[in-house]
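File shown: input_4.cif. Contents: mmCIF, C-alpha atoms.
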data_coords
loop_
_atom_site.label_atom_id
_atom_site.label_comp_id
_atom_site.auth_asym_id
_atom_site.auth_seq_id
_atom_site.Cartn_x
_atom_site.Cartn_y
_atom_site.Cartn_z
CA MET A 50 -116.98 -9.96 -162.46
CA VAL A 51 -115.24 -9.51 -165.78
CA ASP A 52 -113.31 -6.54 -167.12
CA ILE A 53 -112.55 -4.88 -170.42
CA LEU A 54 -108.82 -4.08 -170.61
CA HIS A 55 -106.86 -2.09 -173.16
CA LYS A 56 -103.39 -0.59 -173.52
CA LEU A 57 -102.71 2.28 -175.87
CA GLY A 58 -99.38 3.85 -176.74
CA ILE A 59 -99.40 7.38 -178.13
CA LYS A 60 -96.34 8.72 -179.90
CA SER A 61 -95.08 12.29 -179.53
CA SER A 62 -97.79 13.34 -177.10
CA SER A 63 -97.24 14.10 -173.40
CA LEU A 64 -98.84 13.13 -170.11
CA ASP A 65 -100.31 16.64 -169.80
CA ASN A 66 -101.88 16.65 -173.28
CA THR A 67 -103.25 13.15 -172.80
CA TYR A 68 -104.68 14.04 -169.39
CA ARG A 69 -106.32 17.13 -170.91
CA ALA A 70 -108.01 14.99 -173.59
CA LEU A 71 -109.53 12.89 -170.79
CA THR A 72 -110.59 15.67 -168.46
CA THR A 73 -112.04 18.51 -170.54
CA CYS A 74 -115.29 18.51 -172.49
CA GLU A 75 -113.35 19.93 -175.43
CA GLY A 76 -110.89 17.02 -175.31
CA LEU A 77 -113.49 14.28 -174.75
CA SER A 78 -115.71 15.59 -177.54
CA ALA A 79 -112.79 15.41 -179.97
CA TRP A 80 -112.32 11.63 -179.63
CA TRP A 81 -115.34 10.01 -177.94
CA THR A 82 -118.55 11.84 -178.76
CA HIS A 83 -119.22 15.35 -180.06
CA ASN A 84 -122.07 15.53 -177.56
CA THR A 85 -120.17 15.74 -174.26
CA GLN A 86 -121.25 18.01 -171.43
CA GLY A 87 -121.07 18.29 -167.69
CA GLU A 88 -118.82 19.17 -164.81
CA ASN A 89 -115.31 17.83 -165.06
CA LYS A 90 -114.45 17.99 -161.38
CA LEU A 91 -114.38 15.49 -158.50
CA GLY A 92 -117.94 14.39 -157.78
CA GLY A 93 -119.22 16.11 -160.93
CA VAL A 94 -121.27 14.27 -163.55
CA LEU A 95 -120.37 14.09 -167.24
CA GLN A 96 -123.00 13.41 -169.90
CA PHE A 97 -121.88 11.53 -173.01
CA ARG A 98 -124.61 11.28 -175.66
CA PHE A 99 -124.79 9.08 -178.76
CA GLY A 100 -127.52 8.59 -181.35
CA ALA A 101 -129.09 5.69 -179.48
CA GLY A 102 -128.66 6.97 -175.90
CA GLY A 103 -125.71 7.66 -173.70
CA PHE A 104 -123.94 7.48 -170.38
CA ASP A 105 -123.74 9.66 -167.29
CA MET A 106 -120.46 9.31 -165.42
CA LYS A 107 -119.59 10.56 -161.96
CA VAL A 108 -115.96 11.68 -161.68
CA LEU A 109 -114.31 9.61 -158.90
CA GLU A 110 -110.63 10.41 -159.39
CA LEU A 111 -108.65 13.18 -161.06
CA ARG A 112 -104.88 12.89 -160.55
CA PRO A 113 -103.22 15.25 -163.03
CA ALA A 114 -101.04 13.43 -165.59
CA ARG A 115 -101.59 10.14 -163.70
CA ARG A 116 -105.11 8.77 -163.41
CA VAL A 117 -108.79 9.40 -164.17
CA GLN A 118 -111.65 7.27 -162.90
CA TRP A 119 -115.41 7.55 -163.53
CA GLN A 120 -118.40 5.54 -162.35
CA VAL A 121 -121.45 5.05 -164.53
CA VAL A 122 -124.53 6.48 -162.78
CA ASP A 123 -126.96 6.32 -165.74
CA GLY A 124 -127.06 4.51 -169.07
CA PRO A 125 -127.58 0.92 -170.28
CA GLU A 126 -128.45 -1.45 -167.44
CA GLU A 127 -125.24 -3.48 -167.89
CA TRP A 128 -123.13 -0.32 -167.44
CA ILE A 129 -124.69 1.09 -164.28
CA GLY A 130 -122.29 0.88 -161.35
CA THR A 131 -119.33 -0.15 -163.52
CA LYS A 132 -116.11 1.89 -163.31
CA ILE A 133 -113.88 3.19 -166.07
CA SER A 134 -110.28 4.19 -165.46
CA PHE A 135 -107.33 5.55 -167.42
CA ASP A 136 -103.85 5.17 -165.90
CA LEU A 137 -101.12 7.18 -167.60
CA LYS A 138 -97.35 6.77 -167.72
CA GLN A 139 -94.47 7.86 -169.94
CA GLU A 140 -92.15 5.31 -171.63
CA GLY A 141 -89.51 7.12 -173.69
CA ASP A 142 -91.28 8.91 -176.55
CA TRP A 143 -94.54 7.12 -175.84
CA THR A 144 -97.38 8.06 -173.52
CA ILE A 145 -99.05 4.88 -172.32
CA ILE A 146 -102.69 4.53 -171.25
CA LEU A 147 -103.82 1.48 -169.32
CA PHE A 148 -107.59 1.40 -169.67
CA LYS A 149 -110.03 -0.62 -167.57
CA HIS A 150 -113.83 -0.89 -167.67
CA GLU A 151 -114.52 -3.04 -164.65
CA GLY A 152 -117.47 -4.49 -162.79
CA TRP A 153 -119.41 -6.20 -165.59
CA LYS A 154 -121.60 -8.86 -164.02
CA GLU A 155 -121.55 -11.25 -167.00
CA PRO A 156 -119.56 -11.53 -170.25
CA VAL A 157 -122.69 -10.85 -172.34
CA GLU A 158 -122.61 -10.20 -176.09
CA PHE A 159 -122.97 -6.45 -175.41
CA MET A 160 -119.73 -6.60 -173.42
CA HIS A 161 -117.94 -8.10 -176.44
CA HIS A 162 -119.28 -5.17 -178.49
CA CYS A 163 -118.21 -2.57 -175.91
CA SER A 164 -114.70 -4.07 -175.72
CA THR A 165 -114.14 -3.59 -179.45
CA LYS A 166 -115.93 -0.23 -179.45
CA TRP A 167 -113.68 1.09 -176.65
CA ALA A 168 -110.70 0.12 -178.84
CA VAL A 169 -112.23 2.07 -181.76
CA PHE A 170 -112.55 5.18 -179.58
CA LEU A 171 -109.11 4.76 -177.98
CA LEU A 172 -107.63 4.61 -181.50
CA SER A 173 -109.55 7.84 -182.17
CA LEU A 174 -107.88 9.35 -179.07
CA LYS A 175 -104.46 8.18 -180.34
CA SER A 176 -105.16 9.77 -183.72
CA LEU A 177 -106.30 13.03 -182.06
CA LEU A 178 -103.11 13.28 -180.01
CA GLU A 179 -100.75 12.18 -182.79
CA THR A 180 -102.30 14.03 -185.74
CA GLY A 181 -104.70 16.60 -184.25
CA ARG A 182 -107.71 14.77 -185.66
CA GLY A 183 -109.86 12.15 -183.90
CA ALA A 184 -112.97 10.33 -185.13
CA PRO A 185 -115.54 10.85 -182.37
CA HIS A 186 -119.18 9.80 -182.63
CA PRO A 187 -121.01 10.18 -185.03
CA ASN A 188 -117.96 9.70 -187.28
CA GLU A 189 -116.48 6.60 -185.68
CA ILE A 190 -116.23 3.12 -187.23
CA LYS A 191 -119.58 1.32 -186.87
CA LEU A 192 -119.48 -2.24 -185.58
CA ASP A 193 -123.14 -3.22 -185.57
CA SER A 194 -126.37 -2.75 -187.53
CA TRP A 195 -128.10 -0.88 -184.68
CA GLU A 196 -125.43 1.80 -184.38
CA MET B 16 -108.73 -17.00 -165.71
CA VAL B 17 -109.52 -13.87 -167.69
CA ASP B 18 -110.58 -13.52 -171.32
CA ILE B 19 -110.23 -11.04 -174.15
CA LEU B 20 -113.64 -10.59 -175.82
CA HIS B 21 -114.57 -8.73 -179.00
CA LYS B 22 -117.56 -8.42 -181.31
CA LEU B 23 -117.17 -7.32 -184.90
CA GLY B 24 -119.92 -6.61 -187.43
CA ILE B 25 -118.98 -6.72 -191.11
CA LYS B 26 -121.27 -5.14 -193.68
CA SER B 27 -121.97 -6.67 -197.06
CA SER B 28 -119.81 -9.73 -196.52
CA SER B 29 -121.10 -13.30 -196.06
CA LEU B 30 -120.53 -16.15 -193.65
CA ASP B 31 -118.62 -18.04 -196.36
CA ASN B 32 -116.28 -15.14 -197.22
CA THR B 33 -115.66 -14.44 -193.55
CA TYR B 34 -114.96 -18.10 -192.82
CA ARG B 35 -112.52 -18.20 -195.76
CA ALA B 36 -110.61 -15.21 -194.36
CA LEU B 37 -110.17 -17.17 -191.10
CA THR B 38 -109.27 -20.55 -192.57
CA THR B 39 -106.92 -20.02 -195.51
CA CYS B 40 -103.34 -18.74 -195.39
CA GLU B 41 -104.25 -16.33 -198.20
CA GLY B 42 -107.11 -14.92 -196.10
CA LEU B 43 -105.20 -14.78 -192.80
CA SER B 44 -102.18 -13.12 -194.42
CA ALA B 45 -104.43 -10.37 -195.80
CA TRP B 46 -105.58 -9.13 -192.38
CA TRP B 47 -103.34 -10.52 -189.59
CA THR B 48 -99.77 -11.01 -190.76
CA HIS B 49 -98.25 -11.31 -194.22
CA ASN B 50 -96.10 -14.11 -192.84
CA THR B 51 -98.69 -16.88 -192.33
CA GLN B 52 -97.98 -20.50 -193.15
CA GLY B 53 -99.01 -23.97 -192.14
CA GLU B 54 -101.71 -26.56 -192.48
CA ASN B 55 -105.22 -25.22 -192.19
CA LYS B 56 -106.91 -28.47 -191.25
CA LEU B 57 -108.07 -30.09 -188.01
CA GLY B 58 -105.02 -30.90 -185.90
CA GLY B 59 -102.75 -28.94 -188.26
CA VAL B 60 -100.46 -26.17 -187.02
CA LEU B 61 -100.45 -22.61 -188.34
CA GLN B 62 -97.39 -20.36 -188.03
CA PHE B 63 -98.03 -16.64 -187.68
CA ARG B 64 -94.83 -14.57 -187.71
CA PHE B 65 -94.25 -10.95 -186.76
CA GLY B 66 -91.10 -8.85 -186.55
CA ALA B 67 -90.49 -9.68 -182.92
CA GLY B 68 -91.59 -13.34 -182.92
CA GLY B 69 -94.83 -15.12 -183.49
CA PHE B 70 -97.36 -17.77 -182.58
CA ASP B 71 -97.94 -21.39 -183.54
CA MET B 72 -101.60 -22.41 -183.36
CA LYS B 73 -103.06 -25.88 -183.49
CA VAL B 74 -106.41 -25.98 -185.29
CA LEU B 75 -108.98 -27.43 -182.85
CA GLU B 76 -112.28 -26.70 -184.64
CA LEU B 77 -113.32 -25.95 -188.20
CA ARG B 78 -117.09 -25.70 -188.65
CA PRO B 79 -117.70 -24.08 -192.05
CA ALA B 80 -119.46 -20.72 -191.82
CA ARG B 81 -119.92 -21.22 -188.04
CA ARG B 82 -116.85 -21.52 -185.86
CA VAL B 83 -113.05 -21.68 -185.81
CA GLN B 84 -110.94 -22.47 -182.76
CA TRP B 85 -107.17 -22.61 -182.33
CA GLN B 86 -104.90 -23.38 -179.38
CA VAL B 87 -101.53 -21.72 -178.94
CA VAL B 88 -98.77 -24.35 -178.90
CA ASP B 89 -95.76 -22.02 -179.20
CA GLY B 90 -95.15 -18.29 -178.69
CA PRO B 91 -94.94 -15.89 -175.75
CA GLU B 92 -95.19 -17.66 -172.40
CA GLU B 93 -98.48 -15.94 -171.49
CA TRP B 94 -100.10 -17.24 -174.69
CA ILE B 95 -99.14 -20.92 -174.50
CA GLY B 96 -102.17 -23.10 -173.87
CA THR B 97 -104.66 -20.25 -174.40
CA LYS B 98 -107.45 -20.71 -176.94
CA ILE B 99 -108.71 -18.36 -179.63
CA SER B 100 -112.15 -18.73 -181.18
CA PHE B 101 -114.27 -16.99 -183.80
CA ASP B 102 -118.04 -17.66 -183.77
CA LEU B 103 -119.91 -16.46 -186.85
CA LYS B 104 -123.55 -15.56 -187.41
CA GLN B 105 -125.59 -13.53 -189.86
CA GLU B 106 -127.83 -10.63 -188.71
CA GLY B 107 -129.56 -9.04 -191.69
CA ASP B 108 -126.89 -7.44 -193.90
CA TRP B 109 -124.22 -7.90 -191.24
CA THR B 110 -121.91 -10.84 -190.60
CA ILE B 111 -121.11 -10.95 -186.90
CA ILE B 112 -117.95 -12.38 -185.33
CA LEU B 113 -117.82 -13.12 -181.62
CA PHE B 114 -114.14 -13.38 -180.76
CA LYS B 115 -112.65 -14.88 -177.63
CA HIS B 116 -109.03 -15.30 -176.50
CA GLU B 117 -109.45 -17.32 -173.33
CA GLY B 118 -107.31 -18.92 -170.67
CA TRP B 119 -105.06 -16.02 -169.64
CA LYS B 120 -103.76 -16.76 -166.14
CA GLU B 121 -103.47 -13.12 -165.04
CA PRO B 122 -104.64 -9.73 -166.38
CA VAL B 123 -101.04 -8.62 -166.98
CA GLU B 124 -100.11 -5.47 -168.90
CA PHE B 125 -99.32 -7.60 -171.97
CA MET B 126 -102.92 -8.83 -171.91
CA HIS B 127 -104.14 -5.21 -172.03
CA HIS B 128 -101.90 -4.71 -175.08
CA CYS B 129 -103.12 -7.88 -176.80
CA SER B 130 -106.77 -6.92 -176.22
CA THR B 131 -106.32 -3.62 -178.09
CA LYS B 132 -104.07 -5.24 -180.70
CA TRP B 133 -106.69 -7.93 -181.47
CA ALA B 134 -109.17 -5.08 -182.06
CA VAL B 135 -106.68 -3.45 -184.47
CA PHE B 136 -106.40 -6.70 -186.45
CA LEU B 137 -110.15 -7.41 -186.34
CA LEU B 138 -110.73 -3.93 -187.80
CA SER B 139 -108.22 -4.90 -190.49
CA LEU B 140 -110.32 -8.03 -191.17
CA LYS B 141 -113.46 -5.86 -191.38
CA SER B 142 -111.74 -3.54 -193.84
CA LEU B 143 -110.51 -6.50 -195.93
CA LEU B 144 -114.03 -7.94 -196.22
CA GLU B 145 -115.79 -4.61 -196.76
CA THR B 146 -113.29 -2.91 -199.09
CA GLY B 147 -110.94 -5.64 -200.33
CA ARG B 148 -108.00 -4.15 -198.41
CA GLY B 149 -106.81 -5.06 -194.92
CA ALA B 150 -103.83 -3.74 -192.95
CA PRO B 151 -101.94 -6.86 -191.83
CA HIS B 152 -98.56 -6.80 -190.10
CA PRO B 153 -96.17 -5.08 -190.85
CA ASN B 154 -98.63 -2.37 -191.92
CA GLU B 155 -100.94 -2.36 -188.91
CA ILE B 156 -101.36 0.44 -186.35
CA LYS B 157 -98.53 0.29 -183.80
CA LEU B 158 -99.52 0.52 -180.14
CA ASP B 159 -96.17 0.31 -178.38
CA SER B 160 -92.54 1.37 -178.71
CA TRP B 161 -91.28 -2.22 -178.98
CA GLU B 162 -93.47 -3.10 -181.93
#

Starting from the file, give its structure as C-alpha cells.
Amino acid sequence: MVDILHKLGIKSSSLDNTYRALTTCEGLSAWWTHNTQGENKLGGVLQFRFGAGGFDMKVLELRPARRVQWQVVDGPEEWIGTKISFDLKQEGDWTIILFKHEGWKEPVEFMHHCSTKWAVFLLSLKSLLETGRGAPHPNEIKLDSWE
Amino acid sequence: MVDILHKLGIKSSSLDNTYRALTTCEGLSAWWTHNTQGENKLGGVLQFRFGAGGFDMKVLELRPARRVQWQVVDGPEEWIGTKISFDLKQEGDWTIILFKHEGWKEPVEFMHHCSTKWAVFLLSLKSLLETGRGAPHPNEIKLDSWE
C-alpha cells in the first residue's frame, strides 16, 4: 500500500471556511470541479465529474472544523476502495490541511499523475480561500495530453 | 520506506531542453532556487540554498535526455541519504517527467509539506519550459508560516 500525502497552509482563512469548502457542493465546485453533486452528509455519495469521467465518493467522516474522509465507490479501477482525508488545524494565522489519499495497491504511473494533480487542486483551494477565486476543472492546470 | 511521486507533462518543450533545465545551474536556478551552485557532473555536489537552509546533492546519474538522479548528502535530517530522480520521456507533443523522492523513513508531517512543495516547484519548471518564466525561490508559492 502506498499513499499520496500533501500539506497545505492557507493564510487568513479559518477552520470554518476551510471546512465549508470541503463539505458543500458550492465549496467543492469552486476549487475541484464545477460539476459536483450529491449528498454531503454521513453515508451520502458525492459525484465529481470531469471531462474524461469522474469519481463517486461515499462520505465516511464529517467532523466540523476538524476532519473529512471519503471513500471512492466508483471511478477509475485504481481509485476504487481508496480513501481520501483532510485533517484541519490552526497554526497562528494559517489554516493547515493534512491531505491523504491512501490505499493505492501499486505506485503506478497514474498514481504519480494523481499526486501532482491533487497538488494542483489543493493550490486551487488555497487560492479560493485566500483570494476568493479558485481554478476548478475545466480551468485547472493540465498535466497530461489526455486531460 | 515511503516515497514522494509526481508526474509532470510539459507541452511544446523537448527532452533536450528539459534535461538542460535539470542539469545546469542556470536551468535549476530558473525554476527551483535562485541560489544554486556546484558541479553538475557525475560525483559532483550541487548546493541549493533557500532562506531557511538548503540541500547539498551528490550527482549519481546523468543520462542525457533520459534520467537524472541525485542523493542528498547534507540538509534537513529527514532528507539525508534520500534520493531524487527525474525520468524523462516523450509522448507526442508532451515531454513527461516521472519524479521520485525516495527513501523517507517515516511519513512525517514534513514529508507531506515536501510532497506539495515539490509539486509547486515542478509547476514552476513546467512554466519555465512552456513560457520562458519560472517561479523559483524566493518567488514561489508559500505553503507554511515558517517559509

Within 9 Å of chain A, which residues of chain B show up? Give each one with its shortest atom-to-atom distance in Å (one decimal) and the two atoms involved, counting all atoms listed in the file, rows by chain then rising residue number, as a Markdown table.
| residue | atom | partner | partner_atom | distance |
| --- | --- | --- | --- | --- |
| B:Val17 | CA | A:Val51 | CA | 7.4 |
| B:Asp18 | CA | A:Val51 | CA | 8.3 |
| B:Ile19 | CA | A:Ile53 | CA | 7.6 |
| B:Leu20 | CA | A:His161 | CA | 5.0 |
| B:His21 | CA | A:His161 | CA | 4.3 |
| B:Lys22 | CA | A:His162 | CA | 4.6 |
| B:Leu23 | CA | A:Leu192 | CA | 5.6 |
| B:Gly24 | CA | A:Leu192 | CA | 4.8 |
| B:Ile25 | CA | A:Leu192 | CA | 7.1 |
| B:Lys26 | CA | A:Ser194 | CA | 8.3 |
| B:Glu106 | CA | A:Ser194 | CA | 8.1 |
| B:Gly107 | CA | A:Ser194 | CA | 8.2 |
| B:Asp108 | CA | A:Ser194 | CA | 7.9 |
| B:Trp109 | CA | A:Ser194 | CA | 6.7 |
| B:Ile111 | CA | A:Asp193 | CA | 8.1 |
| B:Leu113 | CA | A:His161 | CA | 7.2 |
| B:Phe114 | CA | A:His161 | CA | 7.8 |
| B:Lys115 | CA | A:His161 | CA | 8.7 |
| B:Pro122 | CA | A:Leu54 | CA | 8.2 |
| B:Glu124 | CA | A:Lys56 | CA | 7.5 |
| B:Phe125 | CA | A:Lys56 | CA | 8.3 |
| B:Met126 | CA | A:Leu54 | CA | 7.7 |
| B:His127 | CA | A:His55 | CA | 4.3 |
| B:His128 | CA | A:Lys56 | CA | 4.7 |
| B:Cys129 | CA | A:His55 | CA | 7.8 |
| B:Ser130 | CA | A:His55 | CA | 5.7 |
| B:Thr131 | CA | A:His55 | CA | 5.2 |
| B:Lys132 | CA | A:Lys56 | CA | 8.6 |
| B:Trp133 | CA | A:Thr165 | CA | 8.9 |
| B:Ala134 | CA | A:Thr165 | CA | 5.8 |
| B:Val135 | CA | A:Ala168 | CA | 7.8 |
| B:Leu137 | CA | A:Thr165 | CA | 8.8 |
| B:Leu138 | CA | A:Val169 | CA | 8.6 |
| B:Ile156 | CA | A:Leu172 | CA | 9.0 |
| B:Lys157 | CA | A:Gly58 | CA | 8.0 |
| B:Leu158 | CA | A:Gly58 | CA | 4.8 |
| B:Asp159 | CA | A:Gly58 | CA | 5.1 |
| B:Ser160 | CA | A:Trp143 | CA | 6.7 |

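Excluding Gly92 (chain A) itself and same-chain residues fewer than 2 positions from it, the residues having an atom within 7 Å of it are Lys90, Val94, Lys107, Val108 and Leu109 of chain A, counting all atoms listed in the file.
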
Between A:Glu155, A:Glu110, A:Asp105, A:Glu189, smallest distance to Glu127 (chain A) by all atoms listed in the file belongs to A:Glu155

Extract, using all atoms listed in the file, all DNA, RNA and protein residues at most 12 Å from Arg82 (chain B), discarding same-chain residues fewer than 2 positions from it, and format them as a PDB file with C-alpha atoms, in the frame of the given file.
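File produced: around30.pdb:
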ATOM      1  CA  LEU B  30    -120.530 -16.150-193.650  1.00  0.00           C
ATOM      2  CA  ASP B  31    -118.620 -18.040-196.360  1.00  0.00           C
ATOM      3  CA  THR B  33    -115.660 -14.440-193.550  1.00  0.00           C
ATOM      4  CA  TYR B  34    -114.960 -18.100-192.820  1.00  0.00           C
ATOM      5  CA  ARG B  35    -112.520 -18.200-195.760  1.00  0.00           C
ATOM      6  CA  LEU B  37    -110.170 -17.170-191.100  1.00  0.00           C
ATOM      7  CA  THR B  38    -109.270 -20.550-192.570  1.00  0.00           C
ATOM      8  CA  VAL B  74    -106.410 -25.980-185.290  1.00  0.00           C
ATOM      9  CA  LEU B  75    -108.980 -27.430-182.850  1.00  0.00           C
ATOM     10  CA  GLU B  76    -112.280 -26.700-184.640  1.00  0.00           C
ATOM     11  CA  LEU B  77    -113.320 -25.950-188.200  1.00  0.00           C
ATOM     12  CA  ARG B  78    -117.090 -25.700-188.650  1.00  0.00           C
ATOM     13  CA  PRO B  79    -117.700 -24.080-192.050  1.00  0.00           C
ATOM     14  CA  ALA B  80    -119.460 -20.720-191.820  1.00  0.00           C
ATOM     15  CA  GLN B  84    -110.940 -22.470-182.760  1.00  0.00           C
ATOM     16  CA  TRP B  85    -107.170 -22.610-182.330  1.00  0.00           C
ATOM     17  CA  ILE B  99    -108.710 -18.360-179.630  1.00  0.00           C
ATOM     18  CA  SER B 100    -112.150 -18.730-181.180  1.00  0.00           C
ATOM     19  CA  PHE B 101    -114.270 -16.990-183.800  1.00  0.00           C
ATOM     20  CA  ASP B 102    -118.040 -17.660-183.770  1.00  0.00           C
ATOM     21  CA  LEU B 103    -119.910 -16.460-186.850  1.00  0.00           C
ATOM     22  CA  LYS B 104    -123.550 -15.560-187.410  1.00  0.00           C
ATOM     23  CA  ILE B 111    -121.110 -10.950-186.900  1.00  0.00           C
ATOM     24  CA  ILE B 112    -117.950 -12.380-185.330  1.00  0.00           C
ATOM     25  CA  LEU B 113    -117.820 -13.120-181.620  1.00  0.00           C
ATOM     26  CA  PHE B 114    -114.140 -13.380-180.760  1.00  0.00           C
ATOM     27  CA  LYS B 115    -112.650 -14.880-177.630  1.00  0.00           C
TER      28      LYS B 115
END

Just how far from CA of Gly53 (chain B) is CA of Ala36 (chain B), in Å to one decimal?
14.7 Å

Selection result for the PyMOL selection byres ((chain A and resi 180-182) around 10) on this file, as a ChimeraX atom specification
/A:60-62,79-80,173-179,183-185

Could you take the residues named above and write them with C-alpha atoms, as a compact mmCIF listing (two decimals), in the coordinates of the input?
# COMPACT_ATOMS: atom_id res chain seq x y z
CA LYS A 60 -96.34 8.72 -179.90
CA SER A 61 -95.08 12.29 -179.53
CA SER A 62 -97.79 13.34 -177.10
CA ALA A 79 -112.79 15.41 -179.97
CA TRP A 80 -112.32 11.63 -179.63
CA SER A 173 -109.55 7.84 -182.17
CA LEU A 174 -107.88 9.35 -179.07
CA LYS A 175 -104.46 8.18 -180.34
CA SER A 176 -105.16 9.77 -183.72
CA LEU A 177 -106.30 13.03 -182.06
CA LEU A 178 -103.11 13.28 -180.01
CA GLU A 179 -100.75 12.18 -182.79
CA GLY A 183 -109.86 12.15 -183.90
CA ALA A 184 -112.97 10.33 -185.13
CA PRO A 185 -115.54 10.85 -182.37

Rounded to one decimal in Å, what is the spacing between CA of Asp89 (chain B) and CA of Trp119 (chain B)?
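Separation between CA of Asp89 (chain B) and CA of Trp119 (chain B): 14.6 Å.
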
By how many Å are CA of Asn66 (chain A) and CA of Gly102 (chain A) apart?
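These atoms are spaced 28.6 Å apart.
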
Grab all the atoms of region 68-73 of chain B that the file lists, wrap them in a box along x, y and z, add 4 Å per side, and give me centre plus edge lengths in Å (one decimal) as lines of an AutoDock Vina configuration file.
center_x = -97.3
center_y = -19.6
center_z = -183.1
size_x = 19.5
size_y = 20.5
size_z = 9.0

Residues matched by the PyMOL selection byres ((chain A and resi 97) around 10) as a list in words
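Expected selection for the PyMOL selection byres ((chain A and resi 97) around 10) here is Cys74, Leu77, Ser78, Trp81, Thr82, His83, Asn84, Thr85, Gln86, Gly87, Val94, Leu95, Gln96, Arg98, Phe99, Gly102, Gly103, Phe104, Asp105, Met106 and Gly124 of chain A.
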
Can you put N, CA, C and O atoms back into region 147-162 of chain A and show it as a short mmCIF file (atom, residue, chain, number, x, y, z; two decimals), in the coordinates of the input?
data_model
loop_
_atom_site.label_atom_id
_atom_site.label_comp_id
_atom_site.auth_asym_id
_atom_site.auth_seq_id
_atom_site.Cartn_x
_atom_site.Cartn_y
_atom_site.Cartn_z
N LEU A 147 -103.21 2.76 -169.68
CA LEU A 147 -103.82 1.48 -169.32
C LEU A 147 -105.28 1.77 -168.99
O LEU A 147 -105.58 2.56 -168.09
N PHE A 148 -106.16 1.15 -169.76
CA PHE A 148 -107.59 1.40 -169.67
C PHE A 148 -108.28 0.19 -169.04
O PHE A 148 -107.96 -0.96 -169.36
N LYS A 149 -109.25 0.47 -168.16
CA LYS A 149 -110.03 -0.62 -167.57
C LYS A 149 -111.49 -0.21 -167.44
O LYS A 149 -111.79 0.88 -166.95
N HIS A 150 -112.40 -1.08 -167.91
CA HIS A 150 -113.83 -0.89 -167.67
C HIS A 150 -114.26 -2.10 -166.85
O HIS A 150 -114.47 -3.18 -167.40
N GLU A 151 -114.37 -1.90 -165.56
CA GLU A 151 -114.52 -3.04 -164.65
C GLU A 151 -115.88 -3.09 -163.97
O GLU A 151 -116.55 -2.08 -163.82
N GLY A 152 -116.23 -4.32 -163.55
CA GLY A 152 -117.47 -4.49 -162.79
C GLY A 152 -118.62 -5.05 -163.60
O GLY A 152 -119.76 -5.03 -163.13
N TRP A 153 -118.36 -5.53 -164.82
CA TRP A 153 -119.41 -6.20 -165.59
C TRP A 153 -119.84 -7.46 -164.83
O TRP A 153 -119.00 -8.23 -164.36
N LYS A 154 -121.13 -7.68 -164.76
CA LYS A 154 -121.60 -8.86 -164.02
C LYS A 154 -121.38 -10.14 -164.83
O LYS A 154 -121.01 -11.18 -164.29
N GLU A 155 -121.64 -10.07 -166.13
CA GLU A 155 -121.55 -11.25 -167.00
C GLU A 155 -120.89 -10.87 -168.33
O GLU A 155 -121.06 -9.74 -168.79
N PRO A 156 -120.18 -11.82 -168.94
CA PRO A 156 -119.56 -11.53 -170.25
C PRO A 156 -120.58 -11.66 -171.39
O PRO A 156 -120.44 -12.50 -172.28
N VAL A 157 -121.62 -10.82 -171.33
CA VAL A 157 -122.69 -10.85 -172.34
C VAL A 157 -122.18 -10.36 -173.70
O VAL A 157 -121.10 -9.76 -173.79
N GLU A 158 -123.00 -10.59 -174.73
CA GLU A 158 -122.61 -10.20 -176.09
C GLU A 158 -122.36 -8.68 -176.16
O GLU A 158 -121.45 -8.23 -176.86
N PHE A 159 -123.14 -7.92 -175.42
CA PHE A 159 -122.97 -6.45 -175.41
C PHE A 159 -121.59 -6.07 -174.85
O PHE A 159 -121.00 -5.07 -175.27
N MET A 160 -121.08 -6.87 -173.94
CA MET A 160 -119.73 -6.60 -173.42
C MET A 160 -118.67 -6.83 -174.50
O MET A 160 -117.71 -6.06 -174.61
N HIS A 161 -118.84 -7.89 -175.31
CA HIS A 161 -117.94 -8.10 -176.44
C HIS A 161 -117.94 -6.85 -177.34
O HIS A 161 -116.89 -6.36 -177.75
N HIS A 162 -119.15 -6.37 -177.64
CA HIS A 162 -119.28 -5.17 -178.49
C HIS A 162 -118.55 -3.98 -177.85
O HIS A 162 -117.77 -3.28 -178.53
#
